[in-house]
Each structure stands twice: as structure tokens, then as C-alpha cells.
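Here the structure comes first, spelled out in C-alpha cells, and everything after it is commentary.
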Amino acid sequence: MNIPYRLADIAAQFGGRVLGDAEVRISQIATLENAQPNHISFFTNSKYRTQLASTCAGAVILGEADADATDLSRIVSDNPYAYFAKVSALLNPFPEAKPGVHPSAVVGAGAKIDATASIAAMVVIGEGATIGAHSVIGEGCCIGANTAIGSCARLYPRVVIYHGCVIGDNLIAHSGAVIGSDGFGIAIDEGRWIKIPQIGRVVIGNDVEIGANTTIDRGALDDTVIENGVKLDNQIQIAHNVHIGAHTAIAGCAGIAGSAVIGRYCLIGGGARILGHLQLTDHVEIAAHTLVGKSIREAGSYAAIFPFSKTGDWRKNAVHLRHLDDLAKRIKALEQEIKTLNSESLKRQSLKRQN
Amino acid sequence: MNIPYRLADIAAQFGGRVLGDAEVRISQIATLENAQPNHISFFTNSKYRTQLASTCAGAVILGEADADATDLSRIVSDNPYAYFAKVSALLNPFPEAKPGVHPSAVVGAGAKIDATASIAAMVVIGEGATIGAHSVIGEGCCIGANTAIGSCARLYPRVVIYHGCVIGDNLIAHSGAVIGSDGFGIAIDEGRWIKIPQIGRVVIGNDVEIGANTTIDRGALDDTVIENGVKLDNQIQIAHNVHIGAHTAIAGCAGIAGSAVIGRYCLIGGGARILGHLQLTDHVEIAAHTLVGKSIREAGSYAAIFPFSKTGDWRKNAVHLRHLDDLAKRIKALEQEIKTLNSESLKRQSLKRQN
Amino acid sequence: MNIPYRLADIAAQFGGRVLGDAEVRISQIATLENAQPNHISFFTNSKYRTQLASTCAGAVILGEADADATDLSRIVSDNPYAYFAKVSALLNPFPEAKPGVHPSAVVGAGAKIDATASIAAMVVIGEGATIGAHSVIGEGCCIGANTAIGSCARLYPRVVIYHGCVIGDNLIAHSGAVIGSDGFGIAIDEGRWIKIPQIGRVVIGNDVEIGANTTIDRGALDDTVIENGVKLDNQIQIAHNVHIGAHTAIAGCAGIAGSAVIGRYCLIGGGARILGHLQLTDHVEIAAHTLVGKSIREAGSYAAIFPFSKTGDWRKNAVHLRHLDDLAKRIKALEQEIKTLNSESLKRQSLKRQN
């Protein structure tokens, strides 16, 4: 079980005001619904007021506006959701990994593995690769030749990083992620595709998280760049020479095509697609399943989703999409005819007045 | 080659009526077009009537309505497609795997591997994990600490299951599947994303199949749950705290966002996306490539697909989508003007009548 | 560093006219912007004319029309983009891999590995598999029993190929690719799904490239077929019994559903989806994120993309899509009413003239 902390200890570490009994001991975090007396929960959405009233939690984290919403022992914070994240991280540290190289791992000549790093079973580290202090390389990962990984990385089992990539500190990469695979570069020559060697790298900043089975291609000539603090969910595809600005977060199954430049603090929804060579400025939000087909110069929220309906209704309505231009022209023609009729009618009325 | 069965043997095992020669021996199943005399084929779609007439199959499986559609030896069944599936399973059993642990596998302290289970080369089994009877763990799989897998599982090479997950009996998981990776939980704090530890599990029932490179994230606090009999195709993304009801089938590349609750016996089309926190009742069918943006309370079939056309036509039509509200307003205005003109016209006619 | 080549050597090998100093020595290829004097660059898009003017490249590849666009030493070619690809391949050959089987690899009984092939660490080769001359099987790959891989294959780490597949020469497969996994074949029987064994193979021609985490399912009964020269980007899903014609290129995240037949020289955009059992003729181009819901018999370019806009505008416009049939009917009704009004007006005018 986790080590228990007093509410007072938590507030000492992360700030916030304690109301109620600061001596309550907390060993885990839980939802209001499932919390036990040794758990701390959080209340960040008024939708859960009923659950707040009936929770068995030993304590609750909540915002200033809700400071009096419960009699439970509580921590009041300006940003209760981030506070919850911090408390959870305190209560749930990464499991420690034993430093050293598992005997089944294969380490190439000239690789430099920090003595505090942990290299699990079945790992292959290429020649000249570097693994920084306290980094944990999970079972079956494969690190390419001359790739450099900073400190405190945590690679889950079976991550592949190709040769020559540069990764900052605190990388988290989930299983099946592939970093540095060839971009999709082909040229047609007399009816056959010729491969264009992909000689750029992937360069990743600090504090980046990469989801399971996400792929990041190396650059064709220059590098693919992922800046500090970028968070990528599962099954995202980042094509060659993409540049993703710091602190942008991308949800699962999104795809960013070649040479697209995404700004800082963008939020890209699940399954969204950004076409190649486009630029998105900072603080752009793209709705799920939306295709972005031209550059976005203005911060804000953008969408392109076909609203769903019962299949019968959808069929009845969607058929007109193939004739929308015709409908628009017919509206225009109607407007013209109405104008004519109106002017005739006016003429008639003016004639009548004259008579 | 497969062991041959007489039609009579097959009918004895799976029911159905045999017409024609019950002594015909069958060793494989094939399409009508490619079947040989030692093959059994099936006829479930009247589109293939020509192929039925010319097939070289030794026997055919078909429905009651088609009992007399051929003179070939045949098995007549209420559900010929399911019958075909059963016969194919009889003729094509999983290849046997030798019980025991391959010498290259690494097994953690306290792991319990049933004596009838088979652990292939390069597998890593975490501390305290449990592998049930007759389960086959393919080459290079990685099973996390304290994860429990039931009996008769079949994991193809390089499946990863993280720590602490619970899997029922008869799991089939294809290569590259990742089960139990962290959900995408982040909170913004002073311009930086903080990771929310994902401390829930993935809990999977019996008789579940998981396709190649499909990912199922563990819950943030509570569990992600996949009920009995769920079938997942390749490259599906199931986010944290999703709950998928029994016997639901999901086609390739679909994505289910966090905390969505999918009912029983749903069918989700390829590339469809269900947004987070939504609820779909039982027996809901979602068309391919459709985004579901609100909960569905009524069983039935739903769609949201933009109909494709030649790119020139598409461009001409699609441009109006950015002005659809304007078009609708113009229609309304026209209706108002017509109403006015009609009432004038009526007034005129009534005046004339009065004169 | 790469071996330097004189421009004259390059032209001797690949053709084209040299203008300027044919003795310039080139050791790498680079973008106009980043090129150094020992680099050759290329100019194929007039958008980059400024960069051409200021480049430090030692030489440039360009088309006949641009032969005089610079004073730099240059190679003039009919197809400068393909020329660039060839020069880059010359300057960036695949790194050599040491022939032989790494001691950690596990090779099944009866497997035939050519003496010039290279089998990396942690690889598992199944019984009866064949690996052709000069093929390189990367770390942790898993080749199923009786699968045959031709010559000069290059499999990056952790590719999985299931049993019984047939692969031509010059395959490039990137990490996480899965070839030969079971198709999604299930039949419902008394409220439960039964698995349909997938007994077909995957058959792949020569000169095929398969991207990272792409999946290709084996056929249900007959084979899934990928013809010569097909190029597949990352995270593509090819379902069972699909047939992809020669020299077709498919961008990332596309999905091809079961039994679809794609012609030769097709271009399928990123995230596009082709529904099952459809046929696309040769030279069909599908836009990104487009769902193709019926067969395409005519070569050309097709699209179905909902144009994105600011979320507020999108919401205002998209709401009408659920009422498009109603709008169309209202337009028709208006046209009818206008017609009536016009005929009345004509009658009136004709009456006036008669008076």
C-alpha cells in the first residue's frame, strides 16, 4: 500500500488552504463515488454534487467557489484539477526500477549507459547510443545507433527508437511507440516509385509523453521536431518534418501530415487530420475527427464534423450534398424572380396611385 | 494436411440436415470459386448463385431456403454462416503449442504459470503475474507484474499487457496490441501539463478478441472494462475508463474516447469515433467513419458520412457548407416574400371579385 | 561521412546535363535553405526561388525549364525530383549489416536462412521459414513458421510476420508493422460471436514498403494480395482479402476494409477509408479523410471532406445538415409557387394587352 500523508503534509508541499481536520491520513486518490476513508477525492465539476454529498472519502480537493460545498476535511485550491494531479503523483510515484543492465539485454559498442539507468530484459541498445541518468528502458525496447536519450526517461516495453535521434529529459513513451521511422518519401520515375532516403532525425524536447503505438517519422532532409512539454496520446501519426510547438496536446488517432507546423499550446482532437505543409498558429483548438485543409493564422477553436443522425435520416439529407451547388443556384434564381415579381407589383401599385 | 471428416460426422457434431452423400470426406473449407472435391464450401448470398452452379466443392453448407439450389452433397442449416464458422474451426484448430517456458523467456519472481501453458521465446513475464491453463503466450510478449490471464488465452507475438490487469478466459490478442497503457490524463498548471497518474486497471471478460496494434488504456482511477464476448478489430483505440458491453463488435481504426460507455451487442464501423463520456445503449449500430458527438438512447443504426464525389464536384458543392445557415435564412426570407406576394395577389383577386 | 562524388560522376550514373563546374564534389543532399558547399540541393517548386538565390549548396538539381534559374553548378533533368531521390540513395545507402545470425536469435527447425542474410538480436524465425539473400531482419522481429521472405528485404526492429506468408524481394517494413494477423471474421450464433478461422495468407510482391505500425490481415479463405511496387505509409489497416494493385501508394492512417480491390497506380490520401467489397479502378486518387462508399469505375480524383471553420460558424451551419432534405423540399415548393405567381402575372399582362 502507499505511504499515508496527512492533509497538512500535502498542503505544506503543494499549497492550498486546509479546512476541517488537517490530521486526516490519506494513502490514495479516488473518485467521489468509490473513495474510502483513507482516500482523498476531488470536486471540479458541479455535475457531481450528489456524489460529493454521499462520498466516503476522507478528504476532498476543491476550488475556492466550492470551499463550503461540503463539511468533509478538504483542501481548497485555485486549480483543484491540477492539485489532484499533483497529489496523485505524490501518492503514486513511478515504481522504482533497479539500476543496471539485464543480462539478456544486448548493448552495442560505444553505447554510454548511465550507472543509474535501468535497462530491462530483451532490450537492444545500438552502437554509440546514450542513455541518461535514472532513465528506465522497458522490456524489449530497441534504441538505435547513436540515439541519445536524456535523464529520467521511462520507456514502457517494446518502444522502438531508430538511429540518430535526440531525446530530452523526462520522456515517457508507451509500448509500441515508434520514433524515427522513415517518412513517406517517394518519387515516381518511369512508372515506378523510388524511395527518397530519409536522412533527417527526430528531435524531441523535455517533458514529452508519447502514447502507445504512436509513430513519429524522421525528417526527409531536415529534422522532425517535437518541442518541450508536448503530450501525444495513442496511435497518433506524425509525419516527416512536422514541427510541434511546446505544450501542444494531441488526442488519440490524430494524424499530422508532412512538414506541417503546429504552434504552441494547441489542442488537437482525436482522429483529427492536419494536411501537409500547413501552419497552425499558437492556441489553436481543432475538434475531433476534423480535417484541416488550410493554414490557421488566428487562435481559436475550429471544427468540421458531419452531425450524425439515424441512418435513414442521414441518407435522406446527405443525398443533397451532391447537389448543394444546384440548390444554391436555385435559391439565387428564386431571389431574382421574386425581385422581378416585386418590382412588377410595385409598378402596379404606383400605376394605381397615379390613376 | 487436415484430418478429413465425413459430412455425417460434421452433422453429428453441429446438427443440420445432410442431403446427398453423407460419406463425402472433407478436409478443408473454401470459397465456391476455389473449392476442390475434398473441400466444403458455403452459400449464404444469392449473388454467388453462378459460383454455386460451377463449384468443384465436395459439399456445400446452405440455408433452408436454398436446400434445393444445388445437387451437390450438402448440409442444410438455419444459420449457414455460423455453421461454416464452426466447420472451419473444426478443420482448422489452433496449432498446438508445446507446454513449458522457452529457455530465453524471463519470468519474474512469484509469477504463476500453469504447467499446461506455453511461454514462447523472448517473452517477459512480470513478478506475480498469473498465466492460466492451456494459455499460449507468443514470442516476445510482455506481461506486466501482477497481471492475471485466464485459461486458453492465445497471445500472438509482441503483445504487451501492462501491470495489474485482469483478463478472463479465451483471450485472443494479436501482435502489437497494447493493453493497460496509461490513459491520456493531463492537467494544465501554470502553462505546463502535469501528468495524472493512471492507477486504474484494464479488466477484460471471457471470449474477447483484440486485433493487431489495438490499444486499450488503463483507467485513470477506476478501471477500463471490456465485457465478455467483445470483438475488436485492428488499430482500435480504447481510452481510459471506457466500458464496452458484452458481445459488441468494433471494426478497424475506430476510436472510443475516455469514459464512454458502449452498450451490449453494438456494432461500431471502421474508423468511427465515439466522443468521451457519452453513453450508447444496447444494439446501436454506427456507420464507418462516423463521429458520434452525443449519447444515443435508442437502439438502431446511425450515420454521418459526407458522400464522396469527383473532386471538382465536391469542391463546387462543399463551398456552400460554410454558408448553409445563410442559405437557410435566404429560403426563409423567400418564403416570407412569397407569402406577401400571395396575400397581395389574393387581395387583388378578392377586389376584382368585389368589383 | 559519406563518400564524395563529382557532379560528373553523378551525371555519368543517372544521366542529365551538367552545367557549371562538373568537378564539384558532393557528399550529401540537403534543402536549399540548409545546404553547405559540399551538398547538392534541388529546385522543383518555383515557390522556393528566393531560397535558390541564396543557397550555399555546391550544386543543384533542377528541371529543363529552370536550367538558367541559377549560376550554380547544376544538373538539369527531365524529372528533377526523381533525380534527387536517386542521388540521395547513392549518397545514403542502407548501412551494411553483418551477415549471420545473432547468438540471441532463435531459429526454428528447418528454417532456411541465406548465408548473406543478417538476423539481428532477439529475432525469432519460425520453423520452415525462408530468408533470402542479403535480407536484413532487424532486432526483435518475429517471422512465422513457413513464411518466405525474398532477397534484399530490410525489416526494421519488431516487425511481426505471421506464419505461411509469401513476400517478394526488396521488402522494406518498418517497426511495429504486423503482416498476416487474422482478419476480422466473426459470425453470430445464438447471441455469441464465433470466430471464423482465417486460413488465407498475405502474399506481397516485390519492391513493397510498409510503414511503421501498419497492419495487413491474412485472408479468410483466399489470400490478401499486395502487388509489386505498392507503398504503404504508417498506421494503415489493410483488412482480409484486400487486393492492392501494383504501384499504388497509400498515405498514413488509411483503412481498406475487407475484400476491397484497389487498382494500379492509385493514390489514397491519409486517413481515407475504403469500405469492404468495393472496387476502385486504376489511377484513382482519393483525398485525405474521405470515405469511399461505393465502387469507382472511372479514373480520376475523388473527395468527401467537410470544410472546417471556426467552431461557432461550423455549429451554425452544420445544424442545417440534419434538415437538408427539408430545405430542398422548401426550395421546390418555392419554385412551384413562383411558377404559379408568374403564370398569374403573365395572365394579367395578357389580359391587359387584350383590353
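To be explicit about the labels: the chains of the C-alpha cells are called A, B, and onward in the order shown, and within each one the residues are counted from 1, while ligands get numbers from 1 in the order they are shown.
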
Give the residues of chain C that lie within 6 Å of chain A; count only C-alpha atoms, and format the answer as JSON, numbers by chain. {"C": [30, 82, 85, 89, 233, 306, 307, 308, 309, 310, 311, 324, 325]}

Could you please write out, as a list in words, every residue of stretch 73-128 of chain C that DSSP assigns to strand (DSSP E)?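 Going through stretch 73-128 of chain C, the strand (DSSP E) residues come out as Arg74, Ile75, Val76, Ser77, Gly100, Val101, Val106, Val107, Lys112, Ile113, Ser118, Ile119, Val124 and Ile125 of chain C.
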
Taking the DSSP assignment computed from this structure's backbone, write out as a PyMOL selection string all residues of stretch 171-323 of chain B that belong to alpha helix (DSSP H). chain B and resi 311-318

Could you state the separation of atom CA of B:Leu19 and atom CA of B:Ser77 in Å, given to one decimal place?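 Between atom CA of B:Leu19 and atom CA of B:Ser77 the gap is 11.1 Å.
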
Would you mind reading off the distance between atom CA of A:Asn234 and atom CA of A:Tyr156, one decimal, in Å?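 For atom CA of A:Asn234 relative to atom CA of A:Tyr156, the distance reads 13.2 Å.
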
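Distance check against C:Pro95 using only C-alpha atoms: of C:Asn2, C:Ala57, C:Ala115, C:Asp71, the minimum falls on C:Asn2.
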
C:Ile10: which residues within 10 Å, counting only C-alpha atoms, same-chain residues fewer than 2 positions away excluded, as a PDB file with C-alpha atoms, in the first residue's frame?
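Resulting contents of part.pdb:
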ATOM      1  CA  TYR C   5      31.055  12.189 -55.731  1.00  0.00           C
ATOM      2  CA  ARG C   6      31.898  14.641 -58.551  1.00  0.00           C
ATOM      3  CA  LEU C   7      28.901  16.081 -60.422  1.00  0.00           C
ATOM      4  CA  ALA C   8      30.328  14.407 -63.488  1.00  0.00           C
ATOM      5  CA  ALA C  12      27.510   9.563 -65.685  1.00  0.00           C
ATOM      6  CA  GLN C  13      25.421   7.312 -63.479  1.00  0.00           C
ATOM      7  CA  PHE C  14      21.967   8.901 -63.731  1.00  0.00           C
ATOM      8  CA  GLY C  15      22.058  11.000 -66.904  1.00  0.00           C
ATOM      9  CA  GLY C  16      21.083  14.656 -67.122  1.00  0.00           C
ATOM     10  CA  VAL C  18      25.783  19.184 -66.140  1.00  0.00           C
ATOM     11  CA  ALA C  22      31.363  19.248 -63.251  1.00  0.00           C
ATOM     12  CA  ARG C  25      32.402  17.288 -55.088  1.00  0.00           C
ATOM     13  CA  ILE C  26      29.188  16.380 -53.318  1.00  0.00           C
ATOM     14  CA  ILE C  75      22.371  19.006 -63.136  1.00  0.00           C
ATOM     15  CA  TYR C  83      16.803  12.561 -59.875  1.00  0.00           C
ATOM     16  CA  LYS C  86      18.384   8.709 -56.942  1.00  0.00           C
ATOM     17  CA  VAL C  87      21.253  10.945 -55.875  1.00  0.00           C
ATOM     18  CA  LEU C  90      23.571   6.987 -53.922  1.00  0.00           C
TER      19      LEU C  90
END

Compile the contact shell of stretch 265-267 of chain A as an mmCIF file with N, CA and C atoms, in the first residue's frame: residues with an atom at most 6 Å away, counting only C-alpha atoms, same-chain residues fewer than 3 positions apart removed.
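Wrote out-v7.cif, looks like this:
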data_model
loop_
_atom_site.group_PDB
_atom_site.id
_atom_site.type_symbol
_atom_site.label_atom_id
_atom_site.label_comp_id
_atom_site.auth_asym_id
_atom_site.auth_seq_id
_atom_site.Cartn_x
_atom_site.Cartn_y
_atom_site.Cartn_z
ATOM 1 N N HIS A 247 4.125 22.396 -25.506
ATOM 2 C CA HIS A 247 2.903 22.299 -24.700
ATOM 3 C C HIS A 247 1.637 22.080 -25.512
ATOM 4 N N THR A 248 1.793 21.650 -26.734
ATOM 5 C CA THR A 248 0.620 21.245 -27.519
ATOM 6 C C THR A 248 0.232 19.824 -27.111
ATOM 7 N N ALA A 249 -1.064 19.563 -27.042
ATOM 8 C CA ALA A 249 -1.559 18.232 -26.667
ATOM 9 C C ALA A 249 -2.425 17.687 -27.793
ATOM 10 N N ILE A 250 -2.188 16.438 -28.157
ATOM 11 C CA ILE A 250 -2.884 15.834 -29.300
ATOM 12 C C ILE A 250 -3.546 14.546 -28.839
ATOM 13 N N ASP A 282 -0.283 29.516 -32.648
ATOM 14 C CA ASP A 282 -0.417 29.074 -31.258
ATOM 15 C C ASP A 282 -1.883 29.102 -30.817
ATOM 16 N N HIS A 283 -2.181 28.306 -29.808
ATOM 17 C CA HIS A 283 -3.505 28.321 -29.166
ATOM 18 C C HIS A 283 -4.645 28.049 -30.143
ATOM 19 N N VAL A 284 -4.412 27.140 -31.063
ATOM 20 C CA VAL A 284 -5.490 26.706 -31.954
ATOM 21 C C VAL A 284 -6.054 25.398 -31.409
ATOM 22 N N GLU A 285 -7.375 25.293 -31.420
ATOM 23 C CA GLU A 285 -8.027 24.076 -30.951
ATOM 24 C C GLU A 285 -8.779 23.466 -32.125
#

Mind pulling up the distance from atom CA of B:Ile167 to atom CA of A:Asn38?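 Pair atom CA of A:Asn38 / atom CA of B:Ile167 returns 28.1 Å.
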
Residue among C:Ser259, C:Ser135, C:Thr147, C:Ser343 lying closest to C:His243, counting only C-alpha atoms: C:Ser259
